[in-house]
Structure formats: C-alpha cells, structure tokens
$ cat start.cif   # mmCIF, C-alpha atoms
data_query
#
loop_
_atom_site.label_atom_id
_atom_site.label_comp_id
_atom_site.auth_asym_id
_atom_site.auth_seq_id
_atom_site.Cartn_x
_atom_site.Cartn_y
_atom_site.Cartn_z
CA MET A 16 170.46 123.78 98.71
CA SER A 17 168.60 122.28 95.76
CA ASP A 18 167.58 124.16 92.68
CA PRO A 19 163.97 125.16 93.53
CA SER A 20 162.90 124.59 89.93
CA ILE A 21 163.94 120.94 90.05
CA ALA A 22 160.61 119.87 91.59
CA SER A 23 158.84 120.68 88.35
CA GLN A 24 161.24 118.59 86.29
CA PRO A 25 161.02 114.82 85.89
CA ALA A 26 164.04 112.93 87.13
CA PRO A 27 166.66 112.36 84.44
CA GLY A 28 165.78 109.43 82.19
CA ILE A 29 162.24 109.16 83.58
CA LYS A 30 159.47 109.23 81.02
CA GLU A 31 156.32 110.26 82.77
CA LYS A 32 152.77 109.71 81.75
CA PRO A 33 150.09 111.75 83.47
CA VAL A 34 147.76 109.52 85.47
CA PRO A 35 144.20 110.83 85.75
CA MET A 36 143.15 111.59 89.33
CA LYS A 37 140.02 109.46 88.90
CA THR A 38 142.13 106.45 87.92
CA MET A 39 144.17 106.79 91.10
CA THR A 40 141.20 107.44 93.39
CA ASP A 41 139.24 104.55 91.84
CA TYR A 42 142.18 102.27 92.58
CA LEU A 43 142.40 103.46 96.20
CA ILE A 44 138.64 103.05 96.67
CA ARG A 45 138.77 99.56 95.16
CA ILE A 46 141.37 98.49 97.72
CA GLY A 47 139.40 100.05 100.60
CA ALA A 48 141.36 103.23 101.35
CA ASP A 49 138.15 105.22 101.66
CA LYS A 50 137.14 103.19 104.72
CA VAL A 51 140.38 103.59 106.71
CA PRO A 52 140.59 106.40 109.30
CA HIS A 53 143.67 108.65 109.12
CA THR A 54 144.31 111.87 111.08
CA ASN A 55 140.63 112.85 111.48
CA LYS A 56 139.99 112.08 107.80
CA THR A 57 140.04 108.94 105.73
CA TYR A 58 143.23 107.52 104.30
CA LEU A 59 141.84 108.37 100.85
CA ALA A 60 141.20 112.01 101.82
CA HIS A 61 144.73 112.33 103.24
CA ALA A 62 146.22 110.79 100.07
CA ILE A 63 144.24 113.23 97.90
CA GLY A 64 145.28 116.14 100.11
CA THR A 65 148.94 115.18 99.84
CA TYR A 66 148.60 114.83 96.05
CA ARG A 67 146.94 118.26 95.75
CA ASP A 68 149.54 119.90 97.95
CA MET A 69 152.35 118.42 95.83
CA LYS A 70 150.52 119.61 92.71
CA SER A 71 150.38 123.13 94.21
CA TRP A 72 154.19 122.97 94.49
CA GLU A 73 154.17 122.60 90.67
CA ALA A 74 155.87 119.23 91.05
CA SER A 75 156.26 116.69 88.27
CA ASP A 76 153.54 114.12 87.55
CA ALA A 77 155.76 111.41 89.07
CA LEU A 78 156.12 113.33 92.34
CA CYS A 79 152.38 113.97 92.48
CA CYS A 80 151.65 110.27 91.94
CA ALA A 81 154.21 109.37 94.61
CA ALA A 82 152.48 111.83 96.95
CA MET A 83 149.11 110.15 96.31
CA PHE A 84 150.55 106.73 97.18
CA HIS A 85 153.13 107.90 99.74
CA SER A 86 152.05 105.44 102.46
CA ILE A 87 150.49 102.67 100.38
CA TYR A 88 152.75 99.94 101.84
CA GLY A 89 152.51 101.33 105.38
CA THR A 90 155.10 103.61 106.95
CA GLU A 91 156.96 103.55 110.21
CA GLY A 92 154.23 105.79 111.61
CA PHE A 93 151.12 104.46 109.80
CA GLN A 94 150.28 100.77 109.68
CA ASP A 95 146.47 100.88 109.55
CA PHE A 96 146.45 100.11 105.84
CA THR A 97 149.11 98.33 103.81
CA LEU A 98 149.16 97.09 100.25
CA SER A 99 151.09 93.85 99.91
CA LEU A 100 154.60 94.22 98.50
CA ASP A 101 153.56 91.49 96.05
CA GLN A 102 151.48 94.21 94.37
CA ARG A 103 154.39 96.55 93.61
CA ASP A 104 154.29 95.66 89.90
CA GLU A 105 150.59 96.48 89.80
CA LEU A 106 151.26 99.90 91.31
CA ARG A 107 154.22 100.50 88.96
CA THR A 108 151.90 99.83 86.02
CA LEU A 109 149.41 102.34 87.39
CA ILE A 110 151.70 105.24 88.36
CA GLY A 111 155.07 104.51 86.73
CA ASP A 112 158.38 103.17 87.98
CA TYR A 113 159.78 106.37 89.45
CA ALA A 114 156.61 107.33 91.34
CA GLU A 115 156.35 103.81 92.76
CA LEU A 116 160.03 103.86 93.76
CA LEU A 117 159.44 107.06 95.74
CA ALA A 118 156.24 105.72 97.31
CA TYR A 119 158.03 102.51 98.30
CA ALA A 120 161.02 104.40 99.69
CA ASN A 121 158.74 106.65 101.77
CA CYS A 122 157.06 103.58 103.21
CA ALA A 123 160.14 101.42 103.68
CA MET A 124 162.59 103.98 105.02
CA ASP A 125 163.81 103.81 108.55
CA ARG A 126 163.14 107.43 109.45
CA ALA A 127 166.18 107.77 111.73
CA SER A 128 168.50 106.70 108.90
CA PHE A 129 166.68 109.02 106.49
CA HIS A 130 166.83 112.07 108.78
CA ALA A 131 170.47 111.39 109.64
CA LEU A 132 171.27 112.40 106.04
CA ASP A 133 169.11 115.56 105.87
CA ASP A 134 172.06 117.89 105.48
CA ALA A 135 174.52 115.44 103.91
CA ASP A 136 176.10 116.25 100.55
CA LEU A 137 176.53 112.82 98.94
CA ASP A 138 176.29 111.22 95.52
CA THR A 139 174.49 108.19 96.99
CA TYR A 140 172.27 108.27 100.08
CA PRO A 141 172.14 104.95 101.98
CA VAL A 142 168.73 104.83 103.67
CA GLN A 143 167.87 101.76 105.71
CA ASP A 144 164.94 99.76 104.30
CA ARG A 145 162.98 98.61 107.36
CA LEU A 146 160.82 96.23 105.30
CA ILE A 147 163.61 94.07 103.91
CA GLY A 148 166.40 94.94 106.31
CA ASP A 149 168.79 96.22 103.66
CA SER A 150 170.00 99.60 102.46
CA MET A 151 168.31 101.57 99.69
CA ASP A 152 171.06 103.45 97.88
CA LEU A 153 169.31 106.51 96.49
CA SER A 154 170.75 109.01 94.05
CA ARG A 155 170.77 112.67 95.07
CA GLN A 156 167.68 113.26 92.89
CA GLU A 157 165.83 110.29 94.38
CA TYR A 158 166.75 111.33 97.91
CA GLU A 159 165.65 114.93 97.42
CA ASP A 160 162.42 113.82 95.76
CA LEU A 161 161.84 111.48 98.72
CA MET A 162 162.38 114.52 100.96
CA ARG A 163 159.67 116.35 99.00
CA VAL A 164 157.19 113.49 99.41
CA HIS A 165 157.94 113.06 103.12
CA LEU A 166 157.69 116.81 103.82
CA CYS A 167 154.48 117.19 101.83
CA ASP A 168 152.89 114.26 103.71
CA PHE A 169 153.86 115.79 107.06
CA LEU A 170 152.64 119.28 106.20
CA GLU A 171 149.29 117.97 104.94
CA GLN A 172 148.46 116.47 108.33
CA VAL A 173 150.37 118.42 110.98
CA GLU A 174 147.54 120.86 111.73
CA ARG A 175 145.07 117.99 112.32
CA THR A 176 147.47 115.99 114.47
CA ALA A 177 148.92 119.00 116.32
CA VAL A 178 152.27 117.20 116.52
CA TRP A 179 154.16 120.35 115.65
CA ASP A 180 157.40 119.30 117.32
CA TYR A 181 157.75 115.95 115.54
CA GLU A 182 161.23 115.99 113.92
CA ARG A 183 161.00 119.79 113.80
CA GLN A 184 164.69 120.42 113.15
CA SER A 185 164.76 117.75 110.42
CA PHE A 186 161.79 119.30 108.64
CA ILE A 187 163.37 122.75 108.90
CA THR A 188 166.58 121.36 107.38
CA ILE A 189 164.67 119.56 104.62
CA SER A 190 162.57 122.59 103.70
CA GLU A 191 165.62 124.87 103.64
CA ARG A 192 167.58 122.36 101.57
CA LEU A 193 164.77 122.03 99.02
CA GLY A 194 163.88 125.72 98.98
CA GLY A 195 161.22 127.10 96.65
CA ALA A 196 157.68 125.76 97.07
CA ALA A 197 158.73 123.29 99.79
CA LEU A 198 160.17 126.05 101.96
CA ASP A 199 157.18 128.32 101.29
CA ALA A 200 154.78 125.52 102.27
CA TYR A 201 156.72 124.81 105.46
CA ARG A 202 156.72 128.48 106.48
CA SER A 203 153.06 128.95 105.59
CA THR A 204 151.97 125.87 107.54
CA PHE A 205 154.10 126.64 110.60
CA ALA A 206 152.89 130.24 110.64
CA ARG A 207 149.55 128.72 111.74
CA GLU A 208 151.09 126.85 114.67
CA PRO A 209 149.20 127.71 117.87
#

$ encode --input "start.cif" --output "structure tokens"
Amino acid sequence: MSDPSIASQPAPGIKEKPVPMKTMTDYLIRIGADKVPHTNKTYLAHAIGTYRDMKSWEASDALCCAAMFHSIYGTEGFQDFTLSLDQRDELRTLIGDYAELLAYANCAMDRASFHALDDADLDTYPVQDRLIGDSMDLSRQEYEDLMRVHLCDFLEQVERTAVWDYERQSFITISERLGGAALDAYRSTFAREP
C-alpha cells in the first residue's frame, strides 16, 4: 500500500506552480467544454467537480490540475469532447509537464492494461497507450498518481451514472492500495450506493 501522505507531495523532481482555477476554467470555456453534456452535467462541471474532489484529498497542485483535465484528449469511455494531441504543448504550458503527463495517460490508457496492474509491485508499469499503439512505461509514482486521477474521476460521477459495478474490484484494489483520502472517498461514496 502507498504512503497516504504521498498525495500531498509533488512527484520527485517536479516543480509545481499553482494554476488559478479561473485560468483553467477560462481555458475550458474557450475550447467549448461548457457546452458538452457529461453525466447529467456539462463536461466543464464534471471537470471542476473532479478538481475539487482531488483538492479535498489534499493532493498536490499537479494532481489537482491533472484532475481538472483528466479527460481532455478523450478517454476510452468518453469521446464527446477531445482536444487535439497537437495541443499538448499548449496544455503543458498551462498546467505543467507532470499534470499534463497524468492527464494524457488517463486519456490514452487502455483500461484493461491499466487495471491488470492494479495490485502489481513493479518499478515500471507498462500501460498500453491506445492513442499511439505503444506502451507508456510509468514509474511507480506516476502510476499511483494516475490511479488517483482515475479513481477521483470515477467517484465524482458514479452516483449520477449509477454504474456502481463498473470495474468494482479494480476500484476497491486501487483505493486500498492508495489508502488515506482515496480510500476514505471510495468508502464514503459507496456507502451511498442504493
């Protein structure tokens, strides 16, 4: 299991700069995210909700920014809005390299290859990149931070979608592995399951 305090620490070697919420929401509005429906909300509202939930976990600025942009390039499960991969540098400039890496990984990951490693104890986690057809070799820190982003995204919307059984065992494994705020959020959300 991870050290629960790690979520509040920036990844080693990552210099973070706080990005004002208004700067991020203005960017998302400018590219039309406020007009796209998503789980009985707008894409923008879901992104803000995921950001706020990650913030409530006392996560680093980079993780919160990654949560805000967690599906910006489209995910395996959400294709209604996608920013072109040609704009990755633009997003890196806005939110920082590490946050963009996590956002990209959350979008690009083949979920089966990601979940196959949920309880693995590795130095490098090979997650299949469905966008370019190659492997993303993530460090343990990157992989566990990707777990945080993916879990936070799921928990923010599961009550609206009522898809409680989606990858249930994987999300249990992830929340137990991460511990701390992630596990508390999982338990709190699933305590409201009908």

$ residues_near_point --input "start.cif" --point "(141.8, 114.5, 87.3)" --cutoff "12 Å" --atoms "all atoms listed in the file" --output "PDB file with C-alpha atoms, in the frame of the given file"
ATOM      1  CA  PRO A  33     150.090 111.750  83.470  1.00  0.00           C
ATOM      2  CA  VAL A  34     147.760 109.520  85.470  1.00  0.00           C
ATOM      3  CA  PRO A  35     144.200 110.830  85.750  1.00  0.00           C
ATOM      4  CA  MET A  36     143.150 111.590  89.330  1.00  0.00           C
ATOM      5  CA  LYS A  37     140.020 109.460  88.900  1.00  0.00           C
ATOM      6  CA  THR A  38     142.130 106.450  87.920  1.00  0.00           C
ATOM      7  CA  MET A  39     144.170 106.790  91.100  1.00  0.00           C
ATOM      8  CA  THR A  40     141.200 107.440  93.390  1.00  0.00           C
ATOM      9  CA  ASP A  41     139.240 104.550  91.840  1.00  0.00           C
ATOM     10  CA  ILE A  63     144.240 113.230  97.900  1.00  0.00           C
ATOM     11  CA  TYR A  66     148.600 114.830  96.050  1.00  0.00           C
ATOM     12  CA  ARG A  67     146.940 118.260  95.750  1.00  0.00           C
ATOM     13  CA  LYS A  70     150.520 119.610  92.710  1.00  0.00           C
ATOM     14  CA  ASP A  76     153.540 114.120  87.550  1.00  0.00           C
ATOM     15  CA  CYS A  79     152.380 113.970  92.480  1.00  0.00           C
ATOM     16  CA  CYS A  80     151.650 110.270  91.940  1.00  0.00           C
TER      17      CYS A  80
END

$ closest_residue --input "start.cif" --among "A:Ala206, A:Leu137, A:Leu106, A:Cys167" --to "Asp152 of chain A" --atoms "only C-alpha atoms"
A:Leu137

$ atom_distance --input "start.cif" --atom1 "atom CA of Lys32 of chain A" --atom2 "atom CA of Ala77 of chain A"
8.1 Å

$ residues_around --input "start.cif" --residues "Tyr58 of chain A" --least-positions-apart "2" --cutoff "10 Å" --atoms "only C-alpha atoms" --output "list in words"
Leu43, Ile44, Gly47, Ala48, Asp49, Lys50, Val51, Pro52, His53, Thr54, Asn55, Lys56, Ala60, His61, Ala62, Ile63, Gly64, Ser86, Ile87, Asp95 and Phe96 of chain A

$ write_last_selection --input "start.cif" --atoms "C-alpha atoms" --output "PDB file, in the coordinates of the input"
ATOM      1  CA  LEU A  43     142.400 103.460  96.200  1.00  0.00           C
ATOM      2  CA  ILE A  44     138.640 103.050  96.670  1.00  0.00           C
ATOM      3  CA  GLY A  47     139.400 100.050 100.600  1.00  0.00           C
ATOM      4  CA  ALA A  48     141.360 103.230 101.350  1.00  0.00           C
ATOM      5  CA  ASP A  49     138.150 105.220 101.660  1.00  0.00           C
ATOM      6  CA  LYS A  50     137.140 103.190 104.720  1.00  0.00           C
ATOM      7  CA  VAL A  51     140.380 103.590 106.710  1.00  0.00           C
ATOM      8  CA  PRO A  52     140.590 106.400 109.300  1.00  0.00           C
ATOM      9  CA  HIS A  53     143.670 108.650 109.120  1.00  0.00           C
ATOM     10  CA  THR A  54     144.310 111.870 111.080  1.00  0.00           C
ATOM     11  CA  ASN A  55     140.630 112.850 111.480  1.00  0.00           C
ATOM     12  CA  LYS A  56     139.990 112.080 107.800  1.00  0.00           C
ATOM     13  CA  ALA A  60     141.200 112.010 101.820  1.00  0.00           C
ATOM     14  CA  HIS A  61     144.730 112.330 103.240  1.00  0.00           C
ATOM     15  CA  ALA A  62     146.220 110.790 100.070  1.00  0.00           C
ATOM     16  CA  ILE A  63     144.240 113.230  97.900  1.00  0.00           C
ATOM     17  CA  GLY A  64     145.280 116.140 100.110  1.00  0.00           C
ATOM     18  CA  SER A  86     152.050 105.440 102.460  1.00  0.00           C
ATOM     19  CA  ILE A  87     150.490 102.670 100.380  1.00  0.00           C
ATOM     20  CA  ASP A  95     146.470 100.880 109.550  1.00  0.00           C
ATOM     21  CA  PHE A  96     146.450 100.110 105.840  1.00  0.00           C
TER      22      PHE A  96
END

$ atom_distance --input "start.cif" --atom1 "atom CA of Ala123 of chain A" --atom2 "atom CA of Thr90 of chain A"
6.4 Å

$ resolve_selection --input "start.cif" --expression "the PyMOL selection byres ((chain A and resi 157) around 12)" --output "ChimeraX atom specification"
/A:21-22,25-27,29,77-78,81,113-121,137-142,151-156,158-164

$ atom_distance --input "start.cif" --atom1 "atom CA of Pro209 of chain A" --atom2 "atom CA of Ala82 of chain A"
26.5 Å

$ build_atoms --input "start.cif" --residues "segment 90-108 of chain A" --atoms "N, CA and C atoms" --output "short mmCIF file (atom, residue, chain, number, x, y, z; two decimals), keeping the file's coordinate frame"
data_model
loop_
_atom_site.label_atom_id
_atom_site.label_comp_id
_atom_site.auth_asym_id
_atom_site.auth_seq_id
_atom_site.Cartn_x
_atom_site.Cartn_y
_atom_site.Cartn_z
N THR A 90 153.85 102.92 106.58
CA THR A 90 155.10 103.61 106.95
C THR A 90 155.44 103.26 108.40
N GLU A 91 156.57 103.75 108.82
CA GLU A 91 156.96 103.55 110.21
C GLU A 91 155.90 104.10 111.17
N GLY A 92 155.23 105.15 110.76
CA GLY A 92 154.23 105.79 111.61
C GLY A 92 152.78 105.45 111.30
N PHE A 93 152.51 104.76 110.20
CA PHE A 93 151.12 104.46 109.80
C PHE A 93 151.05 103.02 109.28
N GLN A 94 150.40 102.18 110.05
CA GLN A 94 150.28 100.77 109.68
C GLN A 94 148.82 100.32 109.55
N ASP A 95 147.88 101.25 109.58
CA ASP A 95 146.47 100.88 109.55
C ASP A 95 146.02 100.34 108.19
N PHE A 96 146.79 100.59 107.18
CA PHE A 96 146.45 100.11 105.84
C PHE A 96 147.75 99.85 105.09
N THR A 97 147.90 98.64 104.58
CA THR A 97 149.11 98.33 103.81
C THR A 97 148.77 97.47 102.60
N LEU A 98 149.25 97.89 101.46
CA LEU A 98 149.16 97.09 100.25
C LEU A 98 150.31 96.10 100.29
N SER A 99 150.05 94.88 99.91
CA SER A 99 151.09 93.85 99.91
C SER A 99 152.23 94.23 98.95
N LEU A 100 153.45 93.96 99.38
CA LEU A 100 154.60 94.22 98.50
C LEU A 100 154.53 93.37 97.23
N ASP A 101 153.76 92.31 97.26
CA ASP A 101 153.56 91.49 96.05
C ASP A 101 152.82 92.27 94.96
N GLN A 102 152.24 93.40 95.32
CA GLN A 102 151.48 94.21 94.37
C GLN A 102 152.28 95.41 93.84
N ARG A 103 153.58 95.43 94.09
CA ARG A 103 154.39 96.55 93.61
C ARG A 103 154.32 96.70 92.09
N ASP A 104 154.36 95.58 91.36
CA ASP A 104 154.29 95.66 89.90
C ASP A 104 152.97 96.27 89.44
N GLU A 105 151.90 95.92 90.12
CA GLU A 105 150.59 96.48 89.80
C GLU A 105 150.60 98.00 89.97
N LEU A 106 151.19 98.46 91.07
CA LEU A 106 151.26 99.90 91.31
C LEU A 106 152.19 100.58 90.32
N ARG A 107 153.31 99.93 89.98
CA ARG A 107 154.22 100.50 88.96
C ARG A 107 153.49 100.71 87.64
N THR A 108 152.67 99.73 87.27
CA THR A 108 151.90 99.83 86.02
C THR A 108 150.95 101.01 86.08
#
